[in-house]
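S.K.: Below is one structure. I have some questions about it.
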Amino acid sequence: MKTFKIGGIHPAENKLSAASPIKVAELPKVAVFPLGQHIGAPAKAIVQKGDKVKVGQMIAEANGFVSAHIFSSVSGTVLKVDKAIDASGYNKPAIYITVEGDEWLDSIDRTTQLVRLEDKPELTDKDIIEKVKNAGIVGMGGACFPCHVKLSPPPGTKPEWVIINAAECEPYLTADHRLMLEHADEILVGVTLLMKAVNVSKGFIAIESNKADAIKIMQEKASAYKNIEIIKLKTKYPQGGEKQLIDAVVGRQVPAPPALPVSVGAIIQNVGTAYAVYEAVMKNKPLIERIVTVTGKSLENPSNFLTRLGTPMSQLIDACGGLPEDTGKIIGGGPMMGKALLSTDIPICKGSSGVLIMNEKEASRIEPTNCIRCGKCVDACPMGLEPYLLSDCSELQLWERSEKEDVISCIECGSCQYTCPANRPLLDYIRLGKNTVMGIIRSRNTK
Amino acid sequence: MNKLKLSLSPHIHGGDSVRKNMFGVCIALIPALICSFIYFGLGAIAVTSVSVASCVFFEWAINKYMLKNPKSTITDGSAILTGLLLAFNMPSNLPLWIVVIGALFAIGVVKMTFGGLGCNLFNPALAARAFLLISFPVQMTDWPIVGQTFTTIDGVSGATPLAIMKAAIKSKNADMLSDLPDAWNLLIGDTSKFLFNDGPLGGGCLGEVCALAILIGLIYMLVRKIITWHIPVSILLSVSVFTGALHLINPMYADPISHILSGGLMLGAVFMATDYVTSPMTKKGQIIYGIAIGLLTVVIRTWGAYPEGMSFAILIMNAFTPLINNYCKPKRFGEVVK
Amino acid sequence: MIEVILITVSVLGTIGLIAALVLFITAKFFTVKEDPRIAQVNELLPGANCGGCGFPGCSGMAVACVKAADEGSLGDLKCPAGGNECMQKIAALLGVEAKEQATRVAVVRCNGTCENRPHVIKYDGAMNCRIAHSTCQGETLCQYGCLGCGDCVNACSFGAIKINNETGLPEVDYDKCGGCGSCAKSCPRNIIEIRLVDKDKTGMVVECVNNDKGAAAKKACSSACIGCSKCVQVCGSDAITVENNLAYIDAEKCTLCRACEEACPSASIRMIGQPRKTIIKKNNVAPAKKAENDTNTAKEVKTTNIRPYPSPIKISFDAPLLPSQQYMLAGVIDLTPLAQSTVSDNQSQSKAHNYDAPLLPSQQILLGK
């Protein structure tokens, strides 16, 4: 069983919805598409109020190379192009579409027939990347990095492996787990497509050991593909961190930023992305739906949904038995790295892997006390940093010292804050320090 | 519905707390505490209770009336722990007013002046012990022998193993070391002699008479993950290597086993040096810290004026902890060793 | 015995002599010549190292003062914290003329008290404005207003700014504030303005920085500036401009007539140092019904006293409100997103907004490359 070398924690897994099969969520009444639901420049709306759209029709186009198209996941009329509160907690531009019926574009193949790479021998690597780009696919793990950018490594680097991140190390989330159980074949074809796109001959699918059934199914199906290997990883957080995953699977460590994972020869894609790539390339279906885990201890019926993007979260929560009385926090994503949300009306975006409802008791942070200098954060840090020091430096605004202590290497996994006996908001301050130092470096580089 | 809460990630916490750690150490001290009660009887109980009570009282009073801090910090258990450790460093026949002075020094001077828990540079209990040792040398080195259950002061005092070692070095006579209790007795703290009434009984501080009880505490703390093995093991190893070398050169220096099992070395290595606040943060730093403490202890024990060097060695290394923290960085992820 | 004493004395004496010699040599050859006036000027400066003068700390300012004085005048050098008095003393010391400097103070441009701007969310993170700012728009629905975590309080070297627990907003003590600007720099939302005021430190301030359109702004805060331009109409000296749905008073043109204060329907204009105003809705009926109601009865102004004020403030709304204003004033606060609001247009997109919420880690790595 493989794992990364430094630090790590093991929070309670709480995979409440692991046994619940993927359900198809109902269509929303009004779908909302924030224009900035990926890393990079927000997309540019190309529809106007009153336009009629069909499922799969592009409604906003990428604004630059690091950006992604946005497609309508519903058919209906554009209600308005206005602002909506998104996961960032701010009002940002979004397209509202009133749903009328469910009319798909004819070009989309809606059959469930599996199409293998062998069935379409004419596909070249350029074709695949082009199709991925035209389908608006971004990293489905939560970071939402446009997929085609990752598949076009910068000159001077040579990818050697494609590593599929199926670790799902975040507690509570089960979307990737269910996807592997129910769509293993499609995922494997997706992996072959990704491998073809970057011209590598070896692919790994890395799964944490707590998903034994998924490992079994994937191993069975992968036996037909001789260059795809299933890797069993130790259940440990943050096993699914990009750098940790490369360390665990191939034993190479990505140097400090600005080095990219591809500098050690690895292309990392989430398992959901592999599935989306399969659908985009083989079925011509742009990224319009995704699997979302809706979970929480006080939720009546934690489930996994196949959801159209743009569906308000409240609708999914209602389908799970409604928002519990004692809700204290609503989190988009997992409890370690997800974002707390302002309300349940925020739409599902490309990167929404889960909606976690925490009850009041779980949600409250305990008041911090003095640092007792126990060093547990140093032990827990998977990047070999000293969180106590970085947090103090930020609090005292010692940015130069922060930079010297490699604050920009922080991956914001939250392990330090999770272990801190004094309940200090370590990551809050480290993130502040990291952002500030990043800004300082950027302005220095532009000078 | 209530107001939703909002904060940045992470949204869950491991549930570890300062209180859990502090009371965990207190629990680990219980075997040693029971041993000291058995060996020293009422005197030990009196010293321990006065020490704990006055530490807690001073912390509360200083917090409330001098720092004007509305939140009481005595519930985190650190004052209780300091009180216990302070008591462990004192002889059972110590006049109780000296105990109170020690507690005042530990809490008032060493801990609260720097800002309370987490900010102190030196281990409060050890600093207080050093202060008392210098201020009241007679009372602090008047070790009662074990087994005087009902006497508090005016008990019969006896030579500690360390005093025997020191005398052997001073007189350059290796034969004097034959008076040392054997390793088994040192480990379990004169129990057999105490039970079967054979041979002279040794003496010492409350906490240092039974090494076995301290080892039980160590195992408990390791299992509960309150501390890691790095500091105790590196201290014990460096002491045994260094004293072993000396013993081989000249047998008038006592053998490593006697050194490790006698005096406050065990207590220091397990409970004092591992104090979170005053020990280094990184594993590498902790090992350097442990080795340095071991060396200093042996140097003081062998060539210094005092028979016991553990407390001074730890205090000296406490002063070096910030420096160690500054230079011993953990290995960064992806760092290329040049 | 005497021998011992002699040896001791001679040894110590020699050591002393050697040390003295070393010190003498060091002092002689490594001395840095410094103008004695620099130290004197430094004495006169407040010594808070606030950086308001633009130099890194008071000693930097002292050097600059002496240098400028050697060239004939102090020029534009000024110590905002010490004020004119301090600069005049320095000028007298250096034998030059000091320019009379305009007085500036920090003003907090937010009237989002707990009553004006209900808190719908509980922020549970670290008490730091910049962290809170990166978490979300804040505890209220206003994404421009004060977060109340007190970064400005920590930034102030003079203890001139404090959070008022009742209102949740920082309040400036104008006796202590010299307008050095540390607080303004620390504010992630640019709420604090270092504002030109007259000698008594009075002036008119629009206490709002909300750029949203009326309805949205009003939804978040009953004291938000909705850009209704009523103040512009009543202003006799052309001092007020409305840009991005937000009024701004030009301090140089303002005559302190206080007409705008009277005219403002949301009580977001206030004279510096005067009591804060709170708009209270009398009855909280549904927005649709409310809009039909008589617009003048719905509100009342409550004042929170900070300094004794000669006459109680009365705000009357005699002018009939526009339909849109009626809607705005009647807005109730809830979490329903704009999805349900009936106001819509595409102009909002073209408006330039600066979101400086921090980027995600990978974003930064990429952009920082």
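Residue names in the structure tokens use chain letters A, B, ... in the order shown, residue numbers from 1 in each chain, and ligand numbers from 1 in the order shown.
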Residues of chain A no more than 6 Å from chain B, counting only C-alpha atoms: send them over as a PyMOL selection string.
M.R.: chain A and resi 253-255+328-329+335-337+340+370-375+383-384+414+418-419+421-422
S.K.: Selection from above, all heavy atoms, as a compact mmCIF listing (two decimals), in the first residue's frame, can you write it?
M.R.:
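Everything below was put into result.txt:
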# COMPACT_ATOMS: atom_id res chain seq x y z
N GLN A 253 9.02 13.89 -5.90
CA GLN A 253 8.46 15.06 -5.22
C GLN A 253 8.56 16.29 -6.12
O GLN A 253 9.63 16.60 -6.63
CB GLN A 253 9.18 15.30 -3.90
CG GLN A 253 8.93 14.17 -2.92
CD GLN A 253 9.31 14.53 -1.50
OE1 GLN A 253 10.11 15.42 -1.28
NE2 GLN A 253 8.73 13.83 -0.54
N VAL A 254 7.43 16.94 -6.29
CA VAL A 254 7.40 18.16 -7.09
C VAL A 254 8.10 19.26 -6.30
O VAL A 254 7.78 19.46 -5.14
CB VAL A 254 5.94 18.57 -7.38
CG1 VAL A 254 5.90 19.79 -8.27
CG2 VAL A 254 5.18 17.42 -7.98
N PRO A 255 9.04 19.96 -6.91
CA PRO A 255 9.71 21.05 -6.18
C PRO A 255 8.74 22.17 -5.82
O PRO A 255 7.60 22.17 -6.26
CB PRO A 255 10.78 21.53 -7.15
CG PRO A 255 10.86 20.52 -8.22
CD PRO A 255 9.56 19.79 -8.25
N GLY A 328 -25.74 24.29 11.02
CA GLY A 328 -24.87 25.37 11.48
C GLY A 328 -23.99 25.89 10.37
O GLY A 328 -23.52 27.03 10.40
N LYS A 329 -23.75 25.04 9.39
CA LYS A 329 -22.84 25.45 8.33
C LYS A 329 -23.16 24.64 7.09
O LYS A 329 -23.46 23.46 7.19
CB LYS A 329 -21.42 25.13 8.78
CG LYS A 329 -20.37 26.08 8.28
CD LYS A 329 -19.02 25.62 8.80
CE LYS A 329 -18.16 26.77 9.24
NZ LYS A 329 -16.88 26.32 9.75
N PRO A 335 -15.14 18.74 4.10
CA PRO A 335 -14.95 19.53 5.31
C PRO A 335 -13.53 20.06 5.48
O PRO A 335 -13.31 20.98 6.24
CB PRO A 335 -15.29 18.55 6.42
CG PRO A 335 -15.05 17.21 5.84
CD PRO A 335 -15.36 17.33 4.39
N MET A 336 -12.56 19.48 4.79
CA MET A 336 -11.19 19.95 5.00
C MET A 336 -10.83 21.13 4.10
O MET A 336 -10.10 22.02 4.49
CB MET A 336 -10.19 18.82 4.76
CG MET A 336 -10.24 17.70 5.77
SD MET A 336 -9.98 18.24 7.47
CE MET A 336 -8.26 18.63 7.46
N MET A 337 -11.29 21.11 2.86
CA MET A 337 -10.91 22.18 1.95
C MET A 337 -12.09 22.90 1.32
O MET A 337 -11.90 23.83 0.54
CB MET A 337 -10.01 21.63 0.84
CG MET A 337 -8.65 21.25 1.35
SD MET A 337 -7.52 20.82 0.04
CE MET A 337 -6.99 22.41 -0.54
N ALA A 340 -17.30 27.37 2.99
CA ALA A 340 -18.58 27.56 3.66
C ALA A 340 -19.43 28.48 2.80
O ALA A 340 -18.92 29.45 2.24
CB ALA A 340 -18.36 28.17 5.02
N ASN A 370 -3.58 30.33 23.61
CA ASN A 370 -2.17 30.50 23.25
C ASN A 370 -1.62 29.24 22.60
O ASN A 370 -2.02 28.14 22.95
CB ASN A 370 -1.34 30.73 24.52
CG ASN A 370 -1.39 32.15 24.96
OD1 ASN A 370 -1.96 32.99 24.28
ND2 ASN A 370 -0.80 32.43 26.09
N CYS A 371 -0.68 29.44 21.70
CA CYS A 371 0.03 28.30 21.12
C CYS A 371 0.87 27.66 22.23
O CYS A 371 1.58 28.35 22.94
CB CYS A 371 0.95 28.78 20.00
SG CYS A 371 2.07 27.53 19.39
N ILE A 372 0.72 26.35 22.41
CA ILE A 372 1.52 25.70 23.46
C ILE A 372 2.79 25.09 22.88
O ILE A 372 3.49 24.35 23.54
CB ILE A 372 0.72 24.65 24.25
CG1 ILE A 372 0.14 23.58 23.32
CG2 ILE A 372 -0.39 25.30 25.04
CD1 ILE A 372 -0.36 22.37 24.06
N ARG A 373 3.05 25.36 21.64
CA ARG A 373 4.28 24.95 20.99
C ARG A 373 4.52 23.45 21.08
O ARG A 373 5.62 22.99 21.34
CB ARG A 373 5.46 25.73 21.56
CG ARG A 373 5.19 27.23 21.60
CD ARG A 373 6.32 28.02 22.15
NE ARG A 373 7.47 28.00 21.26
CZ ARG A 373 7.56 28.68 20.14
NH1 ARG A 373 6.56 29.43 19.75
NH2 ARG A 373 8.63 28.64 19.39
N CYS A 374 3.46 22.69 20.85
CA CYS A 374 3.59 21.24 20.95
C CYS A 374 4.21 20.65 19.69
O CYS A 374 4.69 19.53 19.71
CB CYS A 374 2.22 20.60 21.19
SG CYS A 374 1.03 20.93 19.89
N GLY A 375 4.18 21.40 18.59
CA GLY A 375 4.79 20.90 17.37
C GLY A 375 3.94 19.91 16.61
O GLY A 375 4.41 19.30 15.66
N MET A 383 3.65 19.17 3.73
CA MET A 383 4.63 19.86 2.89
C MET A 383 5.92 20.13 3.66
O MET A 383 6.82 20.80 3.15
CB MET A 383 4.06 21.18 2.37
CG MET A 383 2.87 21.03 1.45
SD MET A 383 3.17 19.95 0.05
CE MET A 383 4.26 20.97 -0.93
N GLY A 384 6.01 19.67 4.89
CA GLY A 384 7.23 19.89 5.67
C GLY A 384 7.43 21.34 6.05
O GLY A 384 8.55 21.81 6.16
N GLY A 414 -5.14 22.09 5.45
CA GLY A 414 -5.81 22.23 6.74
C GLY A 414 -5.41 21.22 7.79
O GLY A 414 -5.98 21.21 8.88
N TYR A 418 -6.38 21.22 11.85
CA TYR A 418 -7.14 20.07 12.33
C TYR A 418 -6.50 19.50 13.60
O TYR A 418 -7.19 19.09 14.52
CB TYR A 418 -7.18 19.00 11.23
CG TYR A 418 -7.89 17.73 11.62
CD1 TYR A 418 -9.27 17.62 11.48
CD2 TYR A 418 -7.19 16.64 12.12
CE1 TYR A 418 -9.93 16.47 11.85
CE2 TYR A 418 -7.84 15.48 12.48
CZ TYR A 418 -9.21 15.39 12.34
OH TYR A 418 -9.86 14.26 12.70
N THR A 419 -5.17 19.48 13.64
CA THR A 419 -4.51 18.85 14.79
C THR A 419 -4.31 19.80 15.95
O THR A 419 -4.03 19.35 17.05
CB THR A 419 -3.12 18.34 14.41
OG1 THR A 419 -2.40 19.40 13.83
CG2 THR A 419 -3.17 17.19 13.45
N PRO A 421 -4.09 21.56 19.17
CA PRO A 421 -4.81 21.42 20.43
C PRO A 421 -5.31 22.76 20.96
O PRO A 421 -6.26 22.80 21.74
CB PRO A 421 -3.79 20.82 21.39
CG PRO A 421 -2.52 20.72 20.67
CD PRO A 421 -2.66 21.27 19.30
N ALA A 422 -4.67 23.84 20.57
CA ALA A 422 -5.09 25.14 21.07
C ALA A 422 -6.15 25.77 20.15
O ALA A 422 -6.52 26.92 20.36
CB ALA A 422 -3.89 26.07 21.19
S.K.: Show me a table, sorted first by chain and then by increasing residue number, of the residues of chain C having an atom at most 12 Å from chain B, each with its shortest atom pair and the distance in Å to one decimal, counting only C-alpha atoms and written as JSON lines.
M.R.:
{"residue": "C:Pro118", "atom": "CA", "partner": "B:Lys3", "partner_atom": "CA", "distance": 11.2}
{"residue": "C:His119", "atom": "CA", "partner": "B:Lys3", "partner_atom": "CA", "distance": 8.4}
{"residue": "C:Val120", "atom": "CA", "partner": "B:Lys3", "partner_atom": "CA", "distance": 6.0}
{"residue": "C:Ile121", "atom": "CA", "partner": "B:Lys3", "partner_atom": "CA", "distance": 5.1}
{"residue": "C:Lys122", "atom": "CA", "partner": "B:Lys5", "partner_atom": "CA", "distance": 4.6}
{"residue": "C:Tyr123", "atom": "CA", "partner": "B:Leu6", "partner_atom": "CA", "distance": 4.8}
{"residue": "C:Asp124", "atom": "CA", "partner": "B:Ser7", "partner_atom": "CA", "distance": 5.1}
{"residue": "C:Gly125", "atom": "CA", "partner": "B:Ser7", "partner_atom": "CA", "distance": 4.6}
{"residue": "C:Ala126", "atom": "CA", "partner": "B:Ser7", "partner_atom": "CA", "distance": 8.1}
{"residue": "C:Met127", "atom": "CA", "partner": "B:Ser7", "partner_atom": "CA", "distance": 10.5}
{"residue": "C:Asn128", "atom": "CA", "partner": "B:Ser7", "partner_atom": "CA", "distance": 11.6}
{"residue": "C:Arg130", "atom": "CA", "partner": "B:Leu8", "partner_atom": "CA", "distance": 12.0}
{"residue": "C:Ile131", "atom": "CA", "partner": "B:Leu8", "partner_atom": "CA", "distance": 8.3}
{"residue": "C:Ala132", "atom": "CA", "partner": "B:Ser7", "partner_atom": "CA", "distance": 7.8}
{"residue": "C:His133", "atom": "CA", "partner": "B:Ser7", "partner_atom": "CA", "distance": 10.6}
{"residue": "C:Ser134", "atom": "CA", "partner": "B:Leu8", "partner_atom": "CA", "distance": 8.5}
{"residue": "C:Thr135", "atom": "CA", "partner": "B:Leu8", "partner_atom": "CA", "distance": 5.8}
{"residue": "C:Cys136", "atom": "CA", "partner": "B:Leu6", "partner_atom": "CA", "distance": 8.1}
{"residue": "C:Gln137", "atom": "CA", "partner": "B:Leu6", "partner_atom": "CA", "distance": 10.4}
{"residue": "C:Gly138", "atom": "CA", "partner": "B:Leu6", "partner_atom": "CA", "distance": 8.8}
{"residue": "C:Glu139", "atom": "CA", "partner": "B:Leu6", "partner_atom": "CA", "distance": 8.3}
{"residue": "C:Thr140", "atom": "CA", "partner": "B:Lys3", "partner_atom": "CA", "distance": 10.9}
{"residue": "C:Asp334", "atom": "CA", "partner": "B:Lys3", "partner_atom": "CA", "distance": 11.8}
{"residue": "C:Leu335", "atom": "CA", "partner": "B:Lys3", "partner_atom": "CA", "distance": 11.1}
{"residue": "C:Pro358", "atom": "CA", "partner": "B:Leu8", "partner_atom": "CA", "distance": 11.8}
S.K.: Using only C-alpha atoms, which protein or nucleic acid residues come within 8 Å of B:Ala269? Drop anything in the same chain fewer than 4 positions from it, and give the result as an NGL selection string.
M.R.: :B and (231-232 or 235-236 or 265 or 273-274)
S.K.: Can you write out the residues you just picked, keeping N, CA and C atoms, as a PDB file, in the first residue's frame?
M.R.:
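Saved the output as result_39.pdb:
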ATOM      1  N   ILE B 231      12.584  12.890  22.388  1.00  0.00           N
ATOM      2  CA  ILE B 231      13.343  13.533  23.456  1.00  0.00           C
ATOM      3  C   ILE B 231      13.783  12.524  24.526  1.00  0.00           C
ATOM      4  N   PRO B 232      12.869  11.746  25.127  1.00  0.00           N
ATOM      5  CA  PRO B 232      13.328  10.816  26.180  1.00  0.00           C
ATOM      6  C   PRO B 232      14.397   9.851  25.677  1.00  0.00           C
ATOM      7  N   ILE B 235      17.790  11.504  25.155  1.00  0.00           N
ATOM      8  CA  ILE B 235      18.464  11.824  26.425  1.00  0.00           C
ATOM      9  C   ILE B 235      19.066  10.558  27.022  1.00  0.00           C
ATOM     10  N   LEU B 236      18.224   9.524  27.126  1.00  0.00           N
ATOM     11  CA  LEU B 236      18.696   8.298  27.778  1.00  0.00           C
ATOM     12  C   LEU B 236      19.879   7.703  27.005  1.00  0.00           C
ATOM     13  N   LEU B 265      17.001  11.802  36.589  1.00  0.00           N
ATOM     14  CA  LEU B 265      17.209  11.687  35.148  1.00  0.00           C
ATOM     15  C   LEU B 265      15.974  11.174  34.430  1.00  0.00           C
ATOM     16  N   ALA B 273      11.836  17.425  30.268  1.00  0.00           N
ATOM     17  CA  ALA B 273      12.406  17.833  28.983  1.00  0.00           C
ATOM     18  C   ALA B 273      11.352  17.807  27.886  1.00  0.00           C
ATOM     19  N   THR B 274      10.321  17.004  28.070  1.00  0.00           N
ATOM     20  CA  THR B 274       9.310  16.885  27.011  1.00  0.00           C
ATOM     21  C   THR B 274       8.225  17.942  27.104  1.00  0.00           C
TER      22      THR B 274
END
S.K.: With a distance cut-off of 12 Å and only C-alpha atoms, select the neighbouring residues of B:Ala292, excluding the residue or stretch itself and same-chain residues fewer than 6 positions from it, and output the selection as number ranges by chain.
M.R.: B: 231-232, 234-239, 242, 269, 273, 285-286, 298-299, 310, 312-318, 320-321, 324
S.K.: Can you write just those residues out, C-alpha atoms, as a short mmCIF file (atom, residue, chain, number, x, y, z; two decimals), in the first residue's frame?
M.R.:
data_model
loop_
_atom_site.label_atom_id
_atom_site.label_comp_id
_atom_site.auth_asym_id
_atom_site.auth_seq_id
_atom_site.Cartn_x
_atom_site.Cartn_y
_atom_site.Cartn_z
CA ILE B 231 13.34 13.53 23.46
CA PRO B 232 13.33 10.82 26.18
CA SER B 234 17.78 10.70 22.85
CA ILE B 235 18.46 11.82 26.43
CA LEU B 236 18.70 8.30 27.78
CA LEU B 237 20.87 7.17 24.88
CA SER B 238 23.28 10.05 25.10
CA VAL B 239 23.59 9.64 28.87
CA PHE B 242 28.65 9.15 27.55
CA ALA B 269 13.83 12.90 30.50
CA ALA B 273 12.41 17.83 28.98
CA GLY B 285 15.59 19.67 16.88
CA GLN B 286 14.20 17.43 19.58
CA VAL B 298 26.64 13.90 32.72
CA VAL B 299 29.08 16.80 32.69
CA MET B 310 19.37 17.13 35.09
CA PHE B 312 20.27 22.58 35.11
CA ALA B 313 20.90 20.74 31.86
CA ILE B 314 17.25 21.07 30.88
CA LEU B 315 17.13 24.73 31.87
CA ILE B 316 20.24 25.46 29.82
CA MET B 317 18.78 23.71 26.81
CA ASN B 318 15.45 25.50 27.32
CA PHE B 320 18.70 27.20 23.43
CA THR B 321 15.30 26.01 22.22
CA ILE B 324 17.29 25.17 17.73
#
S.K.: Please list as an MDAnalysis selection string every residue within 9 Å of A:Pro324, counting only C-alpha atoms and excluding residues in the same chain fewer than 6 positions away.
M.R.: chainID A and resid 298:300 357 359
S.K.: Restricted to N, CA, C and O atoms, what would the selected residues look like written as a PDB file, in the first residue's frame?
M.R.:
ATOM      1  N   SER A 298     -26.761  15.182  10.203  1.00  0.00           N
ATOM      2  CA  SER A 298     -28.156  15.348  10.603  1.00  0.00           C
ATOM      3  C   SER A 298     -29.097  15.325   9.404  1.00  0.00           C
ATOM      4  O   SER A 298     -30.297  15.490   9.564  1.00  0.00           O
ATOM      5  N   LEU A 299     -28.534  15.100   8.217  1.00  0.00           N
ATOM      6  CA  LEU A 299     -29.379  15.013   7.027  1.00  0.00           C
ATOM      7  C   LEU A 299     -30.083  13.660   7.022  1.00  0.00           C
ATOM      8  O   LEU A 299     -29.497  12.641   7.342  1.00  0.00           O
ATOM      9  N   GLU A 300     -31.358  13.687   6.623  1.00  0.00           N
ATOM     10  CA  GLU A 300     -32.158  12.469   6.717  1.00  0.00           C
ATOM     11  C   GLU A 300     -31.606  11.351   5.840  1.00  0.00           C
ATOM     12  O   GLU A 300     -31.497  10.204   6.237  1.00  0.00           O
ATOM     13  N   ILE A 357     -23.765  19.353   4.925  1.00  0.00           N
ATOM     14  CA  ILE A 357     -24.540  20.094   5.920  1.00  0.00           C
ATOM     15  C   ILE A 357     -23.985  19.718   7.289  1.00  0.00           C
ATOM     16  O   ILE A 357     -24.006  18.550   7.666  1.00  0.00           O
ATOM     17  N   ASN A 359     -24.052  20.178  11.448  1.00  0.00           N
ATOM     18  CA  ASN A 359     -24.920  20.709  12.486  1.00  0.00           C
ATOM     19  C   ASN A 359     -24.161  21.729  13.323  1.00  0.00           C
ATOM     20  O   ASN A 359     -22.943  21.877  13.204  1.00  0.00           O
TER      21      ASN A 359
END
S.K.: Show which residues sit within 9 Å of stretch 208-215 of chain A, as a list in words. Count only C-alpha atoms, and ignore same-chain residues fewer than 6 positions away.
M.R.: Met1, Glu13, Ala18, Ala166, Ala167, Glu168, Cys169, His177, Arg178, Met180, Leu181, Ala184, Ile230, Ile231, Lys232, Leu233, Lys234, Thr235, Lys236, Gln239 and Gly240 of chain A
S.K.: Could you please write out, as a list in words, every residue of stretch 85-185 of chain C that DSSP assigns to strand (DSSP E or B)?
M.R.: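 Matching residues for strand (DSSP E or B) in stretch 85-185 of chain C are Thr103, Arg104, Val105, Ala106, Val107, Val108, Ile121, Lys122, Tyr123, Ile161, Lys162, Ile163, Asn164, Leu169, Pro170, Glu171 and Val172 of chain C.
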S.K.: Write the residues of the selection above to a file with N, CA, C and O atoms, as a short mmCIF file (atom, residue, chain, number, x, y, z; two decimals), in the first residue's frame.
M.R.:
data_model
loop_
_atom_site.label_atom_id
_atom_site.label_comp_id
_atom_site.auth_asym_id
_atom_site.auth_seq_id
_atom_site.Cartn_x
_atom_site.Cartn_y
_atom_site.Cartn_z
N THR C 103 -5.54 70.05 7.62
CA THR C 103 -5.77 68.98 8.56
C THR C 103 -6.52 67.85 7.87
O THR C 103 -7.46 68.08 7.13
N ARG C 104 -6.05 66.67 8.11
CA ARG C 104 -6.73 65.50 7.57
C ARG C 104 -6.99 64.53 8.71
O ARG C 104 -6.17 64.40 9.62
N VAL C 105 -8.11 63.85 8.65
CA VAL C 105 -8.40 62.82 9.64
C VAL C 105 -8.96 61.59 8.92
O VAL C 105 -9.36 61.67 7.76
N ALA C 106 -8.94 60.51 9.65
CA ALA C 106 -9.52 59.28 9.11
C ALA C 106 -11.02 59.30 9.34
O ALA C 106 -11.48 59.64 10.42
N VAL C 107 -11.79 58.98 8.29
CA VAL C 107 -13.23 58.82 8.48
C VAL C 107 -13.63 57.42 8.02
O VAL C 107 -13.13 56.92 7.03
N VAL C 108 -14.51 56.85 8.80
CA VAL C 108 -14.99 55.51 8.46
C VAL C 108 -16.25 55.66 7.63
O VAL C 108 -17.26 56.14 8.13
N ILE C 121 -25.38 36.21 8.96
CA ILE C 121 -24.42 35.10 8.97
C ILE C 121 -23.54 35.31 10.17
O ILE C 121 -23.35 36.44 10.62
N LYS C 122 -23.00 34.24 10.70
CA LYS C 122 -22.06 34.39 11.81
C LYS C 122 -20.67 34.04 11.29
O LYS C 122 -20.42 32.91 10.89
N TYR C 123 -19.81 35.04 11.25
CA TYR C 123 -18.44 34.76 10.82
C TYR C 123 -17.69 34.11 11.98
O TYR C 123 -17.67 34.62 13.09
N ILE C 161 -8.54 54.81 17.23
CA ILE C 161 -9.69 54.18 16.59
C ILE C 161 -10.07 52.94 17.41
O ILE C 161 -9.21 52.20 17.86
N LYS C 162 -11.36 52.82 17.64
CA LYS C 162 -11.84 51.71 18.46
C LYS C 162 -13.13 51.16 17.87
O LYS C 162 -13.89 51.90 17.27
N ILE C 163 -13.35 49.88 18.07
CA ILE C 163 -14.61 49.31 17.63
C ILE C 163 -15.66 49.58 18.70
O ILE C 163 -15.44 49.32 19.89
N ASN C 164 -16.78 50.14 18.29
CA ASN C 164 -17.89 50.35 19.21
C ASN C 164 -18.72 49.07 19.20
O ASN C 164 -19.25 48.66 18.17
N LEU C 169 -18.97 48.96 14.58
CA LEU C 169 -18.18 49.73 13.61
C LEU C 169 -17.04 50.44 14.33
O LEU C 169 -17.14 50.76 15.50
N PRO C 170 -15.95 50.70 13.61
CA PRO C 170 -14.86 51.45 14.24
C PRO C 170 -15.24 52.92 14.38
O PRO C 170 -15.94 53.47 13.51
N GLU C 171 -14.82 53.51 15.45
CA GLU C 171 -15.07 54.93 15.64
C GLU C 171 -13.77 55.65 15.93
O GLU C 171 -12.95 55.17 16.70
N VAL C 172 -13.60 56.79 15.30
CA VAL C 172 -12.34 57.50 15.39
C VAL C 172 -12.43 58.54 16.50
O VAL C 172 -13.41 59.27 16.60
#
S.K.: Name the closest residue to chain C among the candidates A:Lys126, A:Lys80, A:Lys243, A:Arg444; distances are taken between atoms, counting only C-alpha atoms.
M.R.: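 Looking only at the distances to chain C, the closest residue turns out to be A:Lys80.
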S.K.: How far is it from atom CA of C:Glu193 to atom CA of C:Gln274, in Å with one decimal?
M.R.: 17.2 Å
S.K.: Find the spatial neighbours of A:Thr344, counting only C-alpha atoms, within a cut-off of 12 Å - ignore same-chain residues fewer than 3 positions away - and output them as a PyMOL selection string.
M.R.: (chain A and resi 85-87+89+294+311-318+322-323+327+329-332+340-341+347-348+355-357) or (chain B and resi 4) or (chain C and resi 335-337)
